[in-house]
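Dumped target.pdb below, it's PDB, C-alpha atoms:
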ATOM      1  CA  MET A 134     128.437  85.122  76.337
ATOM      2  CA  THR A 135     129.559  88.595  77.414
ATOM      3  CA  ASP A 136     128.767  91.342  74.917
ATOM      4  CA  ILE A 137     131.713  93.301  73.535
ATOM      5  CA  VAL A 138     130.527  96.895  73.123
ATOM      6  CA  LEU A 139     132.218  99.865  71.468
ATOM      7  CA  VAL A 140     130.896 103.338  72.275
ATOM      8  CA  THR A 141     132.387 106.279  70.388
ATOM      9  CA  GLY A 142     132.665 109.649  72.098
ATOM     10  CA  ALA A 143     132.541 107.798  75.409
ATOM     11  CA  ASN A 144     134.620 109.923  77.767
ATOM     12  CA  LYS A 145     131.674 112.077  78.908
ATOM     13  CA  GLY A 146     127.968 112.749  78.618
ATOM     14  CA  LEU A 147     125.678 110.243  76.947
ATOM     15  CA  GLY A 148     128.541 108.101  75.695
ATOM     16  CA  TYR A 149     130.029 107.683  79.141
ATOM     17  CA  GLU A 150     126.665 107.008  80.768
ATOM     18  CA  THR A 151     125.843 104.440  78.093
ATOM     19  CA  ALA A 152     129.157 102.683  78.654
ATOM     20  CA  ARG A 153     128.630 102.753  82.415
ATOM     21  CA  ARG A 154     125.139 101.272  82.200
ATOM     22  CA  LEU A 155     126.128  98.557  79.750
ATOM     23  CA  GLY A 156     129.195  97.744  81.827
ATOM     24  CA  GLU A 157     127.092  97.440  84.957
ATOM     25  CA  ALA A 158     124.887  95.005  83.046
ATOM     26  CA  GLY A 159     127.926  92.797  82.456
ATOM     27  CA  ALA A 160     129.235  93.869  79.063
ATOM     28  CA  THR A 161     132.872  94.495  78.256
ATOM     29  CA  VAL A 162     132.795  98.159  77.266
ATOM     30  CA  LEU A 163     135.327  99.738  74.962
ATOM     31  CA  LEU A 164     135.445 103.508  75.377
ATOM     32  CA  GLY A 165     136.328 105.031  72.047
ATOM     33  CA  THR A 166     137.743 108.553  72.347
ATOM     34  CA  ARG A 167     140.210 110.697  70.466
ATOM     35  CA  ASP A 168     141.611 112.364  73.608
ATOM     36  CA  PRO A 169     143.918 109.831  75.335
ATOM     37  CA  GLU A 170     143.976 111.598  78.686
ATOM     38  CA  ARG A 171     140.198 111.939  78.975
ATOM     39  CA  GLY A 172     139.627 108.473  77.581
ATOM     40  CA  ARG A 173     141.958 106.797  80.032
ATOM     41  CA  ALA A 174     140.537 108.790  82.946
ATOM     42  CA  ALA A 175     136.960 107.790  82.097
ATOM     43  CA  THR A 176     138.000 104.175  81.668
ATOM     44  CA  ALA A 177     139.826 104.171  85.001
ATOM     45  CA  THR A 178     136.731 105.514  86.762
ATOM     46  CA  LEU A 179     134.587 102.733  85.348
ATOM     47  CA  ALA A 180     137.210 100.090  86.106
ATOM     48  CA  ALA A 181     137.394 101.314  89.721
ATOM     49  CA  ALA A 182     133.655 100.648  89.952
ATOM     50  CA  GLY A 183     134.210  97.043  88.915
ATOM     51  CA  ILE A 184     133.264  97.447  85.261
ATOM     52  CA  ASP A 185     135.252  95.645  82.567
ATOM     53  CA  ALA A 186     136.207  98.796  80.656
ATOM     54  CA  ARG A 187     138.982  99.380  78.141
ATOM     55  CA  TRP A 188     140.092 102.526  76.335
ATOM     56  CA  VAL A 189     140.432 102.499  72.550
ATOM     57  CA  ALA A 190     141.806 105.410  70.526
ATOM     58  CA  VAL A 191     139.060 106.300  68.043
ATOM     59  CA  ASP A 192     138.970 109.531  66.068
ATOM     60  CA  VAL A 193     135.854 109.053  63.939
ATOM     61  CA  THR A 194     137.095 111.625  61.411
ATOM     62  CA  SER A 195     140.212 109.575  60.563
ATOM     63  CA  ASP A 196     140.275 106.493  58.324
ATOM     64  CA  GLU A 197     143.643 105.532  59.765
ATOM     65  CA  ALA A 198     142.575 105.840  63.406
ATOM     66  CA  VAL A 199     139.327 103.929  62.884
ATOM     67  CA  GLY A 200     141.094 101.190  60.932
ATOM     68  CA  LYS A 201     143.710 100.830  63.649
ATOM     69  CA  ALA A 202     141.005 100.593  66.333
ATOM     70  CA  ALA A 203     139.209  97.878  64.377
ATOM     71  CA  ALA A 204     142.444  95.912  64.016
ATOM     72  CA  GLU A 205     143.163  96.173  67.753
ATOM     73  CA  ILE A 206     139.691  95.018  68.738
ATOM     74  CA  ASP A 207     139.856  92.198  66.212
ATOM     75  CA  ALA A 208     143.193  91.022  67.632
ATOM     76  CA  GLU A 209     141.959  91.058  71.234
ATOM     77  CA  PHE A 210     138.334  89.950  70.941
ATOM     78  CA  GLY A 211     137.794  88.641  67.405
ATOM     79  CA  ARG A 212     134.296  90.143  67.220
ATOM     80  CA  LEU A 213     132.093  93.070  68.197
ATOM     81  CA  ASP A 214     128.531  92.618  69.444
ATOM     82  CA  VAL A 215     127.375  96.210  69.792
ATOM     83  CA  LEU A 216     128.482  99.410  68.081
ATOM     84  CA  VAL A 217     127.151 102.674  69.490
ATOM     85  CA  ASN A 218     127.902 105.534  67.102
ATOM     86  CA  ASN A 219     127.605 108.277  69.698
ATOM     87  CA  ALA A 220     130.368 110.776  68.845
ATOM     88  CA  GLY A 221     128.853 114.021  67.641
ATOM     89  CA  ILE A 222     129.237 117.787  67.609
ATOM     90  CA  ILE A 223     126.905 120.763  67.185
ATOM     91  CA  GLY A 224     129.009 122.387  64.495
ATOM     92  CA  ALA A 225     128.760 125.964  63.318
ATOM     93  CA  ARG A 226     126.212 128.137  65.128
ATOM     94  CA  VAL A 227     125.341 130.481  62.290
ATOM     95  CA  PRO A 228     122.002 132.190  61.545
ATOM     96  CA  VAL A 229     120.219 130.253  58.803
ATOM     97  CA  PRO A 230     120.397 132.988  56.125
ATOM     98  CA  GLU A 231     124.147 133.309  56.689
ATOM     99  CA  VAL A 232     125.110 129.611  56.513
ATOM    100  CA  ARG A 233     127.714 128.819  53.896
ATOM    101  CA  PRO A 234     128.643 125.387  52.500
ATOM    102  CA  GLU A 235     131.880 125.340  54.487
ATOM    103  CA  ASP A 236     129.890 125.690  57.726
ATOM    104  CA  PHE A 237     128.641 122.126  57.255
ATOM    105  CA  ARG A 238     131.985 120.414  56.848
ATOM    106  CA  SER A 239     133.244 119.764  60.366
ATOM    107  CA  CYS A 240     129.808 118.776  61.636
ATOM    108  CA  TYR A 241     129.186 116.373  58.767
ATOM    109  CA  GLU A 242     132.674 114.915  59.124
ATOM    110  CA  THR A 243     131.827 113.843  62.675
ATOM    111  CA  ASN A 244     128.045 113.331  62.635
ATOM    112  CA  VAL A 245     127.565 111.795  59.193
ATOM    113  CA  PHE A 246     130.834 110.578  57.712
ATOM    114  CA  GLY A 247     132.040 109.414  61.142
ATOM    115  CA  PRO A 248     129.278 106.845  61.729
ATOM    116  CA  VAL A 249     129.649 105.585  58.159
ATOM    117  CA  ARG A 250     133.419 105.332  58.540
ATOM    118  CA  VAL A 251     133.179 103.483  61.856
ATOM    119  CA  THR A 252     130.329 101.203  60.789
ATOM    120  CA  GLN A 253     132.078 100.200  57.573
ATOM    121  CA  ALA A 254     135.286  99.381  59.431
ATOM    122  CA  PHE A 255     133.547  97.274  62.083
ATOM    123  CA  LEU A 256     131.035  95.388  59.943
ATOM    124  CA  PRO A 257     133.358  92.352  59.609
ATOM    125  CA  LEU A 258     133.664  92.120  63.413
ATOM    126  CA  LEU A 259     129.927  92.639  63.910
ATOM    127  CA  ALA A 260     129.255  89.852  61.412
ATOM    128  CA  ARG A 261     130.997  87.433  63.802
ATOM    129  CA  SER A 262     128.551  88.219  66.606
ATOM    130  CA  GLY A 263     125.587  85.999  67.351
ATOM    131  CA  LEU A 264     123.353  89.079  67.689
ATOM    132  CA  PRO A 265     124.988  92.225  66.279
ATOM    133  CA  ARG A 266     123.436  95.588  67.110
ATOM    134  CA  ILE A 267     124.239  99.061  65.777
ATOM    135  CA  VAL A 268     122.885 102.161  67.505
ATOM    136  CA  MET A 269     123.076 105.517  65.750
ATOM    137  CA  VAL A 270     122.718 108.310  68.298
ATOM    138  CA  SER A 271     120.534 110.787  66.459
ATOM    139  CA  SER A 272     118.259 113.587  67.685
ATOM    140  CA  GLY A 273     114.675 114.750  67.485
ATOM    141  CA  MET A 274     116.186 117.656  65.559
ATOM    142  CA  GLY A 275     116.735 115.181  62.728
ATOM    143  CA  SER A 276     113.018 114.413  62.424
ATOM    144  CA  LEU A 277     111.133 116.310  59.719
ATOM    145  CA  THR A 278     107.865 115.581  61.525
ATOM    146  CA  VAL A 279     109.032 116.710  64.954
ATOM    147  CA  THR A 280     110.746 119.891  63.772
ATOM    148  CA  THR A 281     107.644 121.011  61.859
ATOM    149  CA  ASP A 282     105.220 120.334  64.724
ATOM    150  CA  PRO A 283     104.456 123.643  66.488
ATOM    151  CA  GLN A 284     103.660 121.707  69.656
ATOM    152  CA  ARG A 285     107.245 120.501  69.917
ATOM    153  CA  LEU A 286     110.176 122.463  71.315
ATOM    154  CA  GLU A 287     112.317 121.346  68.389
ATOM    155  CA  SER A 288     110.165 123.322  65.952
ATOM    156  CA  SER A 289     111.242 126.587  67.601
ATOM    157  CA  ILE A 290     114.939 125.987  66.896
ATOM    158  CA  HIS A 291     116.129 127.316  63.554
ATOM    159  CA  SER A 292     119.345 125.764  62.311
ATOM    160  CA  LEU A 293     120.664 124.186  59.125
ATOM    161  CA  VAL A 294     123.836 122.388  60.096
ATOM    162  CA  TYR A 295     123.202 120.104  63.097
ATOM    163  CA  PRO A 296     119.583 119.140  62.278
ATOM    164  CA  SER A 297     120.424 118.252  58.685
ATOM    165  CA  SER A 298     123.341 116.101  59.870
ATOM    166  CA  LYS A 299     120.985 114.088  62.075
ATOM    167  CA  ALA A 300     118.369 113.831  59.324
ATOM    168  CA  ALA A 301     121.111 112.387  57.113
ATOM    169  CA  LEU A 302     122.078 109.954  59.870
ATOM    170  CA  ASN A 303     118.467 108.802  60.102
ATOM    171  CA  MET A 304     118.414 107.953  56.397
ATOM    172  CA  ILE A 305     121.751 106.186  56.744
ATOM    173  CA  THR A 306     120.215 104.110  59.535
ATOM    174  CA  THR A 307     117.255 102.974  57.438
ATOM    175  CA  GLN A 308     119.457 102.043  54.492
ATOM    176  CA  TYR A 309     121.888 100.008  56.609
ATOM    177  CA  SER A 310     118.968  98.196  58.229
ATOM    178  CA  LYS A 311     117.636  97.082  54.837
ATOM    179  CA  VAL A 312     120.913  95.605  53.601
ATOM    180  CA  LEU A 313     122.008  94.132  56.939
ATOM    181  CA  PRO A 314     119.046  91.903  57.817
ATOM    182  CA  GLY A 315     121.103  89.896  60.317
ATOM    183  CA  MET A 316     121.802  93.000  62.393
ATOM    184  CA  LYS A 317     119.663  95.274  64.532
ATOM    185  CA  VAL A 318     120.277  98.797  63.205
ATOM    186  CA  ASN A 319     118.344 101.607  64.865
ATOM    187  CA  ALA A 320     118.519 105.335  65.585
ATOM    188  CA  ALA A 321     118.112 106.752  69.088
ATOM    189  CA  ASP A 322     116.758 110.147  70.079
ATOM    190  CA  PRO A 323     118.062 110.778  73.609
ATOM    191  CA  GLY A 324     115.869 113.877  73.948
ATOM    192  CA  TYR A 325     116.930 117.301  75.167
ATOM    193  CA  THR A 326     119.577 116.135  77.607
ATOM    194  CA  ALA A 327     121.893 118.297  79.705
ATOM    195  CA  THR A 328     125.342 117.704  78.184
ATOM    196  CA  ASP A 329     128.311 119.784  77.077
ATOM    197  CA  LEU A 330     126.850 119.645  73.562
ATOM    198  CA  ASN A 331     124.135 122.142  74.527
ATOM    199  CA  GLY A 332     125.873 123.930  77.390
ATOM    200  CA  ARG A 333     123.954 121.701  79.825
ATOM    201  CA  SER A 334     120.718 123.488  78.988
ATOM    202  CA  GLY A 335     118.743 120.282  78.423
ATOM    203  CA  HIS A 336     115.892 119.420  80.790
ATOM    204  CA  GLN A 337     116.739 115.697  80.951
ATOM    205  CA  THR A 338     119.552 114.065  82.894
ATOM    206  CA  VAL A 339     122.151 111.951  81.124
ATOM    207  CA  GLU A 340     120.659 108.949  82.917
ATOM    208  CA  GLU A 341     117.316 109.663  81.248
ATOM    209  CA  GLY A 342     118.897 110.422  77.890
ATOM    210  CA  ALA A 343     120.921 107.218  77.845
ATOM    211  CA  GLU A 344     117.894 104.999  78.501
ATOM    212  CA  ILE A 345     116.954 104.575  74.851
ATOM    213  CA  ILE A 346     120.551 104.027  73.749
ATOM    214  CA  VAL A 347     120.987 101.280  76.325
ATOM    215  CA  TRP A 348     117.681  99.682  75.336
ATOM    216  CA  LEU A 349     118.620  99.554  71.659
ATOM    217  CA  ALA A 350     122.090  98.253  72.529
ATOM    218  CA  THR A 351     120.583  95.347  74.461
ATOM    219  CA  LEU A 352     117.835  94.277  72.054
ATOM    220  CA  GLY A 353     117.060  90.605  71.796
ATOM    221  CA  ALA A 354     116.623  88.596  68.613
ATOM    222  CA  ASP A 355     112.960  89.655  68.448
ATOM    223  CA  GLY A 356     113.784  93.359  68.726
ATOM    224  CA  PRO A 357     113.101  95.966  66.048
ATOM    225  CA  THR A 358     115.439  97.130  63.317
ATOM    226  CA  GLY A 359     115.326 100.132  61.025
ATOM    227  CA  GLY A 360     113.490 102.277  63.566
ATOM    228  CA  PHE A 361     113.852 105.629  65.318
ATOM    229  CA  PHE A 362     113.103 105.599  69.050
ATOM    230  CA  ASP A 363     113.216 107.709  72.185
ATOM    231  CA  ARG A 364     112.596 106.485  75.722
ATOM    232  CA  HIS A 365     108.838 106.843  75.221
ATOM    233  CA  GLY A 366     108.619 104.808  72.018
ATOM    234  CA  ARG A 367     108.877 105.363  68.270
ATOM    235  CA  VAL A 368     109.825 108.769  66.917
ATOM    236  CA  PRO A 369     108.341 109.837  63.557
ATOM    237  CA  TRP A 370     110.809 110.387  60.743
TER     238      TRP A 370
END
Please render this file's structure as structure tokens.
Amino acid sequence: MTDIVLVTGANKGLGYETARRLGEAGATVLLGTRDPERGRAATATLAAAGIDARWVAVDVTSDEAVGKAAAEIDAEFGRLDVLVNNAGIIGARVPVPEVRPEDFRSCYETNVFGPVRVTQAFLPLLARSGLPRIVMVSSGMGSLTVTTDPQRLESSIHSLVYPSSKAALNMITTQYSKVLPGMKVNAADPGYTATDLNGRSGHQTVEEGAEIIVWLATLGADGPTGGFFDRHGRVPW
């Protein structure tokens, strides 16, 4: 049976590459974006390459938009096999001593509340899948171990907003995995990948960064759940 896959934030970068790779593998990929023009353009490019791609309007910060997307996918497909919570933003770039509570809000709305909002809305559709998988696109910046290891690049970056949002997402991942034993729920660390998120300063390509997301999205019944992985293996929390 063909997997039905929803990828949020899929019009560019890691989301687009993930959708492309899964589509090439035979899945029906639903590109969730909030920008209609960019979403349709990305979908058309994939469709021209022979991929079964559809555009779905998904603004992860809106209960109404996410609920409408879930209803549309339910009406057309009746289930969802894979949910990739990829949409994310850097948020406020403010020196740590100057960060105020309001600097967290937009980042948390997308990076933390967004995945919860989308996951909650799509759980009924995922429950109808024979092998439901949820991938939370996190970051090594969300690892307490990695960001306190002086041997790692991540330890040299000082920031409150984005790293704490990904640390929260990691905890959300572990808690979902414990109460959803019939689903594979994992967090992915794409690594420092060249995308618009970091001004394309990353040393990895999007092809390399998407590897772990694609792997987690295609896990078999014997695959792990409740873990944090990059393309080299497990990432410490």
Selection result for the PyMOL selection byres ((chain A and resi 313) around 12) on this file, as a JSON list (two decimals) with C-alpha atoms, in the frame of the given file:
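Writing the result to expr-v8.json gives the following:
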[["chain", "number", "residue", "atom", "x", "y", "z"],
["A", 252, "THR", "CA", 130.33, 101.20, 60.79],
["A", 253, "GLN", "CA", 132.08, 100.20, 57.57],
["A", 256, "LEU", "CA", 131.04, 95.39, 59.94],
["A", 257, "PRO", "CA", 133.36, 92.35, 59.61],
["A", 259, "LEU", "CA", 129.93, 92.64, 63.91],
["A", 260, "ALA", "CA", 129.26, 89.85, 61.41],
["A", 264, "LEU", "CA", 123.35, 89.08, 67.69],
["A", 265, "PRO", "CA", 124.99, 92.22, 66.28],
["A", 266, "ARG", "CA", 123.44, 95.59, 67.11],
["A", 267, "ILE", "CA", 124.24, 99.06, 65.78],
["A", 306, "THR", "CA", 120.22, 104.11, 59.54],
["A", 307, "THR", "CA", 117.26, 102.97, 57.44],
["A", 308, "GLN", "CA", 119.46, 102.04, 54.49],
["A", 309, "TYR", "CA", 121.89, 100.01, 56.61],
["A", 310, "SER", "CA", 118.97, 98.20, 58.23],
["A", 311, "LYS", "CA", 117.64, 97.08, 54.84],
["A", 312, "VAL", "CA", 120.91, 95.60, 53.60],
["A", 314, "PRO", "CA", 119.05, 91.90, 57.82],
["A", 315, "GLY", "CA", 121.10, 89.90, 60.32],
["A", 316, "MET", "CA", 121.80, 93.00, 62.39],
["A", 317, "LYS", "CA", 119.66, 95.27, 64.53],
["A", 318, "VAL", "CA", 120.28, 98.80, 63.20],
["A", 319, "ASN", "CA", 118.34, 101.61, 64.86],
["A", 358, "THR", "CA", 115.44, 97.13, 63.32],
["A", 359, "GLY", "CA", 115.33, 100.13, 61.02]]
With 8 Å added on each side, what axis-aligned box encloses every listed atom of stretch 226-237 of chain A? Give the centre and edge lengths in Å to one decimal, as JSON.
{"center_x": 126.0, "center_y": 127.7, "center_z": 58.8, "size_x": 27.7, "size_y": 27.2, "size_z": 28.6}
For this session: Identify all residues satisfying the PyMOL selection byres ((chain A and resi 280-295) around 8) in the given file; provide them as a PyMOL selection string.
Result: chain A and resi 222-229+232+236-237+240+273-279+296-299
Exercise. Between atom CA of A:Phe362 and atom CA of A:Ser272, what is the distance, to one decimal in Å?
Worked result: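 These atoms are spaced 9.6 Å apart.
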For this session: Might you spell out which residues the PyMOL selection byres ((chain A and resi 160-163) around 10) would select in the displayed file, as an MDAnalysis selection string?
Result: chainID A and resid 134:141 143 151:159 164:166 176 179 184:190 206 214:216 351
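Taking only C-alpha atoms into account, A:Ala343 lies nearest to A:Asp363 out of the set A:Glu197, A:Glu170, A:Glu205, A:Asp363.
Considering the residues A:Gly211, A:Gly342, A:Pro357, A:Gly221 and counting only C-alpha atoms, A:Phe255 has its shortest atom-to-atom contact with A:Gly211.
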Problem set entry | Atomic distance atom CA of A:Tyr241 - atom CA of A:Ile346, expressed in Å with one decimal |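 About the pair atom CA of A:Tyr241 and atom CA of A:Ile346: they are 21.2 Å apart.
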Exercise. Which value, in Å to one decimal, gives the distance between atom CA of A:Leu258 and atom CA of A:Asn219?
Worked result: 18.4 Å
